[in-house]
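**Student:** The structure's right below; bear with me while I get my questions together.
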Amino acid sequence: MKKSNLLIILIASVFTSFTAAQAQFPMGGAPATKALPGTAGDQTPKGNSKISGIVVDSTTNKTVEFASVALLDKTTGKPVDGTMADEKGKFTLSKVAAGSFKLQITFIGYTTKDINVTLSKGQELDLGNILIASSAKLLNEVTVTGQSALIEEKVDRLVYNAEKDIAAKGGDASDVLRKVPLLTVDLDGNVSLRGSQNIRVLINNKPSTIVASSVADALKQIPADQIKTVEVITSPSAKYDAEGSGGIINIITKKNSLQGLSLNIDGGVGNRGSLLSLNGNYRKGKGGVTLGGFGRGMYNTITKTSLDQTSIVNGVSTLTKQTGDGSSHGLFGQYNLGFDYDLAKNQSLTAGVRYGVRNFSTQQDLVTRLFRNGSLDADASSRRDVDADNLSGTVDMNIDYLHTYKKPQQEWSISTLYSRNDLKNNFDANLMTQGGELLNRQRNINSNLNQEFTLQSDYQTPIRKNQMLEFGGKGIFREVTSDYKFLIAGPTGNFSTEINQPQGALTYHQNIAAAYSSYTYTTKKRYTFKGGLRYEHTFIDASTTEGGQIGVADYGVLVPSVNASKTIKGTTFKLAYNKRIQRPGLQQLNPNFNSANPQNITVGDPTLKPEITDNFELTLSKNIKKTFVNASFFGRVTNNAISQVRIPSDTLPGAIVTTYKNIGRQHAYGSNIFANVAATSKINVGLFANIIYNTLEGQVLGMNNVSETITNSGWNISGGVFSQATFKNGWGAQAFGFLQGNQVQLQGNQGGFGFYTIGIKKDFKNKKGSLGLAGENFLNKSFNIRSELKSAQFNQVNNIYMYNRGVRLTFSYKIGKMTVDAPKKKARSVNNDDVKSDGQSGGQTTGGTTGGGQPRQ
């Protein structure tokens with residue numbers, strides 16, 4: 001049977017299961033007033049009265065999801081019943097005895113709401129909309145400013161409300177993610193979750209092929225001021241793809257669900273970058289159209305590097321001393337067109353297309369001296385001028401359909417996505433003598449294409465009043481190609497093929513068939529359990545033009561997940577376990593021999609297999625007066641781990657080759673602690689710390705080409721502080737600082753770094769515009785990232801000096817007028833969480849490479 005036929009059969013079987021489920025769980029049914037999954041169940045004294053209502057923000061008129069509702073005895077003040085509002089703010093207390101009570105509604109960031117109620121026997125009391133006010137009040141003013149809490153902990157995720165970030169205007173998504181608890185973003189834009197870069201990044205619940213190629217590049221294409229929230233999902237349920245051993249990060253951008261016509265203009269100019277963004281919305285009746293785009297320029301990014309490395313090959317010791325002076329510039333853009341339409345009261349259709357473009361260039365002058373057995377080798381010493389380009393264009397197109405039913409939270413969806421990323425990673429190098437005489441020229445051309453089509457269907461239905469059943473299926477058809485060639489030429493004349501370098505093409509087909517089922521159960525004592533199983537089967541067909549078929553076998557994986565939570569005396573406990581899979585990404589697979597810096601070469605390995613990770617997690621969170629505290633303790637065990645491995649080249653004197661291998665095992669144990677303090681009604685202060693202990697063990701090539709086992713272990717500690725304040729007359733200020741310690745690698749450690757920023761903002765009186773000023777690293781001329789790597793065959797010390805002192809002026813203005821219209825639930829989109837990113841930017845390497853790594857903007 002053909003693999004594609006098997007894939008279709010697997011997907012068809014899930015749709016058949018859906019049809020069967022329709023017969024078992026008929027659509028329609030229970031009225032909306034029934035208690036929803038996640039509620040407390042029946043704890044009251046026996047009675048036949050009922051209380052219901054909807055919790056609403058008093059300022060925005062939007063419903064407040066998952067607010068806590070307690071029914072207290074009016075005389076003793078003791079709780080007699082309780083529940084939690086659903087995602088629409090609705091709640092119901094059934095079987096309540098007659099009597100007088102106090103209904104108490106609480107939620108993080110809001111003042112407590114108390115309502116006195118008296119029930120007679122059999123009475124059904126509908127309280128309608130219950131308005132609760134934000135706990136953040138402006139002093140000396142009569143109005144209450146409605147603000148969501150900076151950090152919100154929901155049932156299955158931690159949410160950072162980025163809308164409150166005033167210093168990030170003019171920046172990109174990496175500026176925002178730096179301030180999110182549990183996350184670490186280095187100066188290149190590479191993201192780690194609890195010390196692991198094996199994560200999936202979604203944009204509005206959707207994947208993109210550019211994220212699969214490079215997370216750092218994708219973040220540069222998202223303007224900071226267009227981000228609404230960042231969701232951190234450390235223990236994904238079976239509904240999510242099995243990919244991402246560290247977890248999932250979902251970036252939600254601002255969407256307009258109002259009626260009317262509006263245009264937002266945002267811009268910024270600074271000494272290292274500028275941005276202009278236009279976003280328009282038109283909504284009338286059942287339909288809406290959004291059209292937007294932004295362009296961002298990056299310039300004046302200077303980097304200096306130094307490299308000292310010693311290697312021993314065939315008994316010859318070679319000492320390499322190298323210095324580099326570089327700069328980089330780039331243009332980034334993203335343009336989108338969206339459409340949504342309500343086909344009927346319970347049916348909606350969403351479609352969209354997004355195009356992203358990246359044009360990033362680096363220039364670097366490398367001066368290299370080689371010492372053989374202690375003596376300077378003048379013939380091998382050189383000066384090298386390198387121009388490197390990383391260019392890409394990404395297209396994402398989706399069509400999604402959602403059907404809801406009379407029973408609350410019962411829905412069925414079909415989602416499709418086509419995504420394509422064209423990536424070029426080329427360099428031109430001039431090799432000269434120390435005196436500046438041109439000797440020869442080199443050129444590496446590497447064109448990559450990553451495209452995929454996804455079909456997905458999901459169904460969920462409540463069972464009784466305290467259970468939820470979810471299941472669905474998904475198929476991904478993915479193709480990755482990479483054409484690579486290395487050319488040489490003399491000081492003049494045409495280029496010709498270099499016969500001693502790899503030439504050819506990689507074709508990598510990866511098809512995935514997946515099915516899952518998830519079940520949620522809430523007990524009468526408000527324990528919540530969510531368990532699920534997901535099965536994914538991956539079909540691989542890979543080959544290279546020079547080597548033929550690559551022996552990578554098909555594989556299947558069964559992924560269980562278990563989540564449990566309980567709130568005891570105001571403290572919420574969460575316990576979770578899940579198994580995750582991490583497939584290799586494009587840059588790990590790419591066999592192109594990137595020798596932009598011939599002393600530090602990178603090459604991928606198309607024979608890589610996926611890594612498997614077991615995750616354990618315990619989380620505690622509590623509000624202590626004006627302070628919200630979240631502490632998590634976790635363990636992570638990874639088998640078949642994909643890691644960078646470095647070995648000396650046996651053909652290029654003094655060169656170190658970096659590739660990717662399934663090295664063996666990785667263990668990580670640690671804690672993440674976060675606290676947000678509402679110091680006053682005007683000032684919030686946040687503190688966070690990440691403490692992780694890593695151990696790594698793997699097989700690498702040692703002396704005399706004999707495989708040897710090496711181990712490394714150590715602490716990875718990072719932390720930071722941020723504060724923001726609001727004042728009268730539209731003024732606001734924000735400050736942020738972060739320190740990252742050394743990070744353990746298999747063959748050494750990567751140096752730490754620091755970062756800080758301060759910003760102020762002034763809103764215009766009509767609230768339609770604002771001006772802002774932000775400065776970053778303004779007290780430091782540069783930051784030095786020092787990394788040390790070693791093995792039995794080499795030692796390397798690499799210093800990268802980042803000159804990223806910056807200042808920027810930002811502005812925004814809104815044109816048009818929108819009227820409030822309660823948003824309807826829109827079709828769910830595709831989530832592809834299944835490909836590992838190398839965490840690097842466009843295949844760029846570190847340690848004396850071209851540009852020395854991309855500076856953060």
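Residue numbering restarts at 1 for every chain of the structure tokens, chains are lettered A, B, ... in their displayed order, and ligands are numbered from 1 as they appear.
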Hey, what's within 10 Å of Gly128 of chain A if we count only C-alpha atoms and toss same-chain stuff fewer than 3 positions away? As a ChimeraX atom specification, please?

**Tutor:** /A:52-56,90,125,131

**Student:** Any idea what's packed within 7 Å of Gly472 of chain A, counting only C-alpha atoms, ignoring anything in its chain fewer than 4 positions away? Could you give it as a list in words?

**Tutor:** Val14, Ser457, Asp458, Tyr459, Ala515, Tyr516 and Ser517 of chain A

**Student:** Export all heavy atoms of the chosen residues as a PDB file, in the first residue's frame?

**Tutor:**
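Output file selection_16.pdb follows:
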```pdb
ATOM      1  N   VAL A  14     -10.757   8.745  11.174  1.00  0.00           N
ATOM      2  CA  VAL A  14     -11.113   9.697  12.225  1.00  0.00           C
ATOM      3  C   VAL A  14     -12.436  10.360  11.923  1.00  0.00           C
ATOM      4  O   VAL A  14     -13.282  10.554  12.791  1.00  0.00           O
ATOM      5  CB  VAL A  14      -9.993  10.747  12.379  1.00  0.00           C
ATOM      6  CG1 VAL A  14     -10.404  11.826  13.375  1.00  0.00           C
ATOM      7  CG2 VAL A  14      -8.717  10.097  12.854  1.00  0.00           C
ATOM      8  N   SER A 457      -9.295  18.016  11.464  1.00  0.00           N
ATOM      9  CA  SER A 457     -10.677  18.086  11.936  1.00  0.00           C
ATOM     10  C   SER A 457     -10.714  17.777  13.426  1.00  0.00           C
ATOM     11  O   SER A 457     -10.024  16.871  13.898  1.00  0.00           O
ATOM     12  CB  SER A 457     -11.564  17.102  11.175  1.00  0.00           C
ATOM     13  OG  SER A 457     -12.905  17.199  11.621  1.00  0.00           O
ATOM     14  N   ASP A 458     -11.511  18.567  14.171  1.00  0.00           N
ATOM     15  CA  ASP A 458     -11.622  18.393  15.620  1.00  0.00           C
ATOM     16  C   ASP A 458     -13.086  18.432  16.037  1.00  0.00           C
ATOM     17  O   ASP A 458     -13.886  19.189  15.469  1.00  0.00           O
ATOM     18  CB  ASP A 458     -10.870  19.511  16.352  1.00  0.00           C
ATOM     19  CG  ASP A 458      -9.400  19.538  16.027  1.00  0.00           C
ATOM     20  OD1 ASP A 458      -8.661  18.711  16.572  1.00  0.00           O
ATOM     21  OD2 ASP A 458      -9.000  20.390  15.194  1.00  0.00           O
ATOM     22  N   TYR A 459     -13.398  17.643  17.063  1.00  0.00           N
ATOM     23  CA  TYR A 459     -14.761  17.611  17.605  1.00  0.00           C
ATOM     24  C   TYR A 459     -14.676  17.559  19.119  1.00  0.00           C
ATOM     25  O   TYR A 459     -13.834  16.858  19.689  1.00  0.00           O
ATOM     26  CB  TYR A 459     -15.522  16.390  17.082  1.00  0.00           C
ATOM     27  CG  TYR A 459     -16.892  16.229  17.703  1.00  0.00           C
ATOM     28  CD1 TYR A 459     -17.935  17.071  17.342  1.00  0.00           C
ATOM     29  CD2 TYR A 459     -17.126  15.238  18.650  1.00  0.00           C
ATOM     30  CE1 TYR A 459     -19.192  16.930  17.905  1.00  0.00           C
ATOM     31  CE2 TYR A 459     -18.382  15.083  19.220  1.00  0.00           C
ATOM     32  CZ  TYR A 459     -19.417  15.941  18.843  1.00  0.00           C
ATOM     33  OH  TYR A 459     -20.658  15.809  19.414  1.00  0.00           O
ATOM     34  N   ALA A 515      -3.940  11.046  15.118  1.00  0.00           N
ATOM     35  CA  ALA A 515      -5.284  10.989  15.696  1.00  0.00           C
ATOM     36  C   ALA A 515      -5.144  11.090  17.209  1.00  0.00           C
ATOM     37  O   ALA A 515      -4.154  10.634  17.785  1.00  0.00           O
ATOM     38  CB  ALA A 515      -5.988   9.695  15.309  1.00  0.00           C
ATOM     39  N   TYR A 516      -6.142  11.715  17.863  1.00  0.00           N
ATOM     40  CA  TYR A 516      -6.043  11.898  19.301  1.00  0.00           C
ATOM     41  C   TYR A 516      -7.426  11.812  19.938  1.00  0.00           C
ATOM     42  O   TYR A 516      -8.465  11.957  19.287  1.00  0.00           O
ATOM     43  CB  TYR A 516      -5.439  13.275  19.629  1.00  0.00           C
ATOM     44  CG  TYR A 516      -6.399  14.425  19.439  1.00  0.00           C
ATOM     45  CD1 TYR A 516      -7.208  14.872  20.487  1.00  0.00           C
ATOM     46  CD2 TYR A 516      -6.521  15.058  18.207  1.00  0.00           C
ATOM     47  CE1 TYR A 516      -8.107  15.914  20.313  1.00  0.00           C
ATOM     48  CE2 TYR A 516      -7.409  16.108  18.023  1.00  0.00           C
ATOM     49  CZ  TYR A 516      -8.202  16.523  19.079  1.00  0.00           C
ATOM     50  OH  TYR A 516      -9.094  17.547  18.894  1.00  0.00           O
ATOM     51  N   SER A 517      -7.413  11.579  21.251  1.00  0.00           N
ATOM     52  CA  SER A 517      -8.625  11.625  22.060  1.00  0.00           C
ATOM     53  C   SER A 517      -8.258  12.162  23.433  1.00  0.00           C
ATOM     54  O   SER A 517      -7.211  11.805  23.990  1.00  0.00           O
ATOM     55  CB  SER A 517      -9.252  10.235  22.189  1.00  0.00           C
ATOM     56  OG  SER A 517     -10.432  10.286  22.989  1.00  0.00           O
TER      57      SER A 517
END
```

**Student:** When you look at Gly333 of chain A with a cut-off of 10 Å (counting only C-alpha atoms), what residues show up, excluding the ones that are within fewer than 4 positions of it in the same chain? I need them as a PyMOL selection string.

**Tutor:** chain A and resi 220-223+275-277+293-297+355-359+393

**Student:** Please provide the set of residues having any atom within 8 Å of Leu687 of chain A, restricted to only C-alpha atoms, with same-chain residues fewer than 5 positions apart removed, written as an mmCIF file with all heavy atoms, in the first residue's frame.

**Tutor:**
```cif
data_model
loop_
_atom_site.group_PDB
_atom_site.id
_atom_site.type_symbol
_atom_site.label_atom_id
_atom_site.label_comp_id
_atom_site.auth_asym_id
_atom_site.auth_seq_id
_atom_site.Cartn_x
_atom_site.Cartn_y
_atom_site.Cartn_z
ATOM 1 N N PHE A 674 8.208 33.122 39.699
ATOM 2 C CA PHE A 674 7.784 34.424 39.212
ATOM 3 C C PHE A 674 6.890 35.079 40.255
ATOM 4 O O PHE A 674 6.045 34.431 40.860
ATOM 5 C CB PHE A 674 7.021 34.277 37.899
ATOM 6 C CG PHE A 674 6.367 35.558 37.451
ATOM 7 C CD1 PHE A 674 7.102 36.535 36.809
ATOM 8 C CD2 PHE A 674 5.028 35.788 37.694
ATOM 9 C CE1 PHE A 674 6.509 37.715 36.409
ATOM 10 C CE2 PHE A 674 4.418 36.959 37.301
ATOM 11 C CZ PHE A 674 5.166 37.937 36.652
ATOM 12 N N ALA A 675 7.083 36.392 40.441
ATOM 13 C CA ALA A 675 6.241 37.154 41.365
ATOM 14 C C ALA A 675 5.914 38.499 40.746
ATOM 15 O O ALA A 675 6.805 39.175 40.230
ATOM 16 C CB ALA A 675 6.946 37.341 42.703
ATOM 17 N N ASN A 676 4.639 38.865 40.792
ATOM 18 C CA ASN A 676 4.199 40.169 40.313
ATOM 19 C C ASN A 676 3.579 40.919 41.489
ATOM 20 O O ASN A 676 2.629 40.445 42.100
ATOM 21 C CB ASN A 676 3.190 40.019 39.177
ATOM 22 C CG ASN A 676 2.797 41.366 38.600
ATOM 23 O OD1 ASN A 676 3.647 42.226 38.395
ATOM 24 N ND2 ASN A 676 1.519 41.548 38.345
ATOM 25 N N GLY A 719 17.646 35.379 35.389
ATOM 26 C CA GLY A 719 16.609 36.086 36.119
ATOM 27 C C GLY A 719 16.519 37.531 35.685
ATOM 28 O O GLY A 719 17.348 38.029 34.920
ATOM 29 N N GLY A 720 15.488 38.196 36.168
ATOM 30 C CA GLY A 720 15.304 39.583 35.773
ATOM 31 C C GLY A 720 14.250 40.274 36.605
ATOM 32 O O GLY A 720 13.616 39.691 37.486
ATOM 33 N N VAL A 721 14.076 41.550 36.295
ATOM 34 C CA VAL A 721 13.095 42.386 36.984
ATOM 35 C C VAL A 721 12.489 43.345 35.969
ATOM 36 O O VAL A 721 13.174 43.797 35.051
ATOM 37 C CB VAL A 721 13.753 43.158 38.148
ATOM 38 C CG1 VAL A 721 14.908 44.026 37.660
ATOM 39 C CG2 VAL A 721 12.727 44.020 38.884
ATOM 40 N N PHE A 722 11.209 43.613 36.098
ATOM 41 C CA PHE A 722 10.583 44.630 35.260
ATOM 42 C C PHE A 722 9.553 45.384 36.087
ATOM 43 O O PHE A 722 8.991 44.877 37.057
ATOM 44 C CB PHE A 722 9.940 44.031 34.006
ATOM 45 C CG PHE A 722 8.865 43.038 34.258
ATOM 46 C CD1 PHE A 722 7.543 43.432 34.420
ATOM 47 C CD2 PHE A 722 9.161 41.683 34.332
ATOM 48 C CE1 PHE A 722 6.550 42.513 34.647
ATOM 49 C CE2 PHE A 722 8.172 40.750 34.550
ATOM 50 C CZ PHE A 722 6.859 41.166 34.714
#
```

**Student:** Go through segment 318-546 of chain A and collect every residue that DSSP, computed from the backbone, puts in strand (DSSP E or B); the answer should be as a ChimeraX atom specification.

**Tutor:** /A:318-344,347-372,375-404,411-432,438-463,467-489,496-497,504-522,528-544

**Student:** Just give me the gap between atom CA of Gly324 of chain A and atom CA of Val797 of chain A in Å, one decimal is fine.

**Tutor:**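 Going from atom CA of Gly324 of chain A over to atom CA of Val797 of chain A covers 14.1 Å.
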
**Student:** Find the spatial neighbours of Gln599 of chain A, counting only C-alpha atoms, within a cut-off of 9 Å - ignore same-chain residues fewer than 3 positions away - and output them as a list of chain:residue names.

**Tutor:**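 Neighbouring residues, sequence-local ones excluded: A:Thr320, A:Gln322, A:Thr368, A:Ser595, A:Ala596, A:Leu652, A:Pro653, A:Gly654, A:Ala655, A:Ile656, A:Val657, A:Gly848, A:Thr849.
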
**Student:** Quick one: pick out all helix (DSSP H, G or I) residues within segment 205-393 of chain A from a backbone DSSP run and write them as a list in words.

**Tutor:**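 Going through segment 205-393 of chain A, the helix (DSSP H, G or I) residues come out as Thr209, Ile210, Val211, Ala212, Ser213, Val215, Ala216, Asp217, Ala218, Leu219, Lys220, Ala224, Asp225 and Gln226 of chain A.
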
**Student:** Store the residues picked out above, limited to N, CA, C and O atoms, as a JSON list (two decimals), in the first residue's frame.

**Tutor:**
```
[["chain", "number", "residue", "atom", "x", "y", "z"],
["A", 209, "THR", "N", 5.98, 27.95, 8.02],
["A", 209, "THR", "CA", 7.21, 27.27, 7.63],
["A", 209, "THR", "C", 8.45, 28.08, 7.99],
["A", 209, "THR", "O", 9.53, 27.53, 8.16],
["A", 210, "ILE", "N", 8.32, 29.40, 8.09],
["A", 210, "ILE", "CA", 9.49, 30.19, 8.48],
["A", 210, "ILE", "C", 9.87, 29.92, 9.93],
["A", 210, "ILE", "O", 11.05, 29.97, 10.31],
["A", 211, "VAL", "N", 8.89, 29.59, 10.77],
["A", 211, "VAL", "CA", 9.20, 29.21, 12.15],
["A", 211, "VAL", "C", 9.94, 27.89, 12.17],
["A", 211, "VAL", "O", 10.87, 27.69, 12.95],
["A", 212, "ALA", "N", 9.55, 26.97, 11.29],
["A", 212, "ALA", "CA", 10.24, 25.69, 11.21],
["A", 212, "ALA", "C", 11.68, 25.87, 10.77],
["A", 212, "ALA", "O", 12.57, 25.13, 11.20],
["A", 213, "SER", "N", 11.94, 26.87, 9.92],
["A", 213, "SER", "CA", 13.30, 27.11, 9.46],
["A", 213, "SER", "C", 14.13, 27.80, 10.53],
["A", 213, "SER", "O", 15.27, 27.44, 10.78],
["A", 215, "VAL", "N", 13.28, 30.06, 14.33],
["A", 215, "VAL", "CA", 12.43, 30.82, 15.25],
["A", 215, "VAL", "C", 12.89, 32.26, 15.33],
["A", 215, "VAL", "O", 12.09, 33.20, 15.33],
["A", 216, "ALA", "N", 14.22, 32.48, 15.38],
["A", 216, "ALA", "CA", 14.74, 33.84, 15.50],
["A", 216, "ALA", "C", 14.32, 34.70, 14.32],
["A", 216, "ALA", "O", 13.96, 35.87, 14.49],
["A", 217, "ASP", "N", 14.35, 34.14, 13.11],
["A", 217, "ASP", "CA", 13.93, 34.90, 11.94],
["A", 217, "ASP", "C", 12.44, 35.23, 11.99],
["A", 217, "ASP", "O", 12.01, 36.32, 11.63],
["A", 218, "ALA", "N", 11.64, 34.27, 12.44],
["A", 218, "ALA", "CA", 10.19, 34.49, 12.50],
["A", 218, "ALA", "C", 9.86, 35.62, 13.47],
["A", 218, "ALA", "O", 8.99, 36.46, 13.19],
["A", 219, "LEU", "N", 10.55, 35.68, 14.61],
["A", 219, "LEU", "CA", 10.27, 36.71, 15.60],
["A", 219, "LEU", "C", 10.59, 38.10, 15.06],
["A", 219, "LEU", "O", 9.94, 39.08, 15.43],
["A", 220, "LYS", "N", 11.60, 38.20, 14.20],
["A", 220, "LYS", "CA", 11.96, 39.51, 13.64],
["A", 220, "LYS", "C", 10.88, 40.04, 12.70],
["A", 220, "LYS", "O", 10.87, 41.22, 12.38],
["A", 224, "ALA", "N", 6.41, 44.28, 17.67],
["A", 224, "ALA", "CA", 6.06, 44.12, 19.09],
["A", 224, "ALA", "C", 4.72, 44.73, 19.42],
["A", 224, "ALA", "O", 3.96, 44.17, 20.22],
["A", 225, "ASP", "N", 4.40, 45.88, 18.82],
["A", 225, "ASP", "CA", 3.17, 46.56, 19.21],
["A", 225, "ASP", "C", 1.93, 45.95, 18.59],
["A", 225, "ASP", "O", 0.82, 46.44, 18.82],
["A", 226, "GLN", "N", 2.07, 44.86, 17.80],
["A", 226, "GLN", "CA", 0.91, 44.16, 17.27],
["A", 226, "GLN", "C", 0.59, 42.90, 18.06],
["A", 226, "GLN", "O", -0.31, 42.15, 17.71]]
```

**Student:** Which residues of segment 592-659 of chain A come within 6 Å of segment 559-581 of chain A, and for each one, what is the closest pair of atoms and their distance in Å to one decimal, counting only C-alpha atoms, sorted by chain and residue number, as JSON lines?

**Tutor:**
```
{"residue": "A:Glu611", "atom": "CA", "partner": "A:Ile581", "partner_atom": "CA", "distance": 5.8}
{"residue": "A:Ile612", "atom": "CA", "partner": "A:Ile581", "partner_atom": "CA", "distance": 4.7}
{"residue": "A:Thr613", "atom": "CA", "partner": "A:Arg580", "partner_atom": "CA", "distance": 5.1}
{"residue": "A:Asp614", "atom": "CA", "partner": "A:Lys579", "partner_atom": "CA", "distance": 4.6}
{"residue": "A:Asn615", "atom": "CA", "partner": "A:Asn578", "partner_atom": "CA", "distance": 5.4}
{"residue": "A:Phe616", "atom": "CA", "partner": "A:Tyr577", "partner_atom": "CA", "distance": 4.7}
{"residue": "A:Glu617", "atom": "CA", "partner": "A:Ala576", "partner_atom": "CA", "distance": 5.1}
{"residue": "A:Leu618", "atom": "CA", "partner": "A:Leu575", "partner_atom": "CA", "distance": 4.7}
{"residue": "A:Thr619", "atom": "CA", "partner": "A:Lys574", "partner_atom": "CA", "distance": 5.0}
{"residue": "A:Leu620", "atom": "CA", "partner": "A:Phe573", "partner_atom": "CA", "distance": 4.8}
{"residue": "A:Ser621", "atom": "CA", "partner": "A:Thr572", "partner_atom": "CA", "distance": 5.3}
{"residue": "A:Lys622", "atom": "CA", "partner": "A:Thr571", "partner_atom": "CA", "distance": 4.7}
```
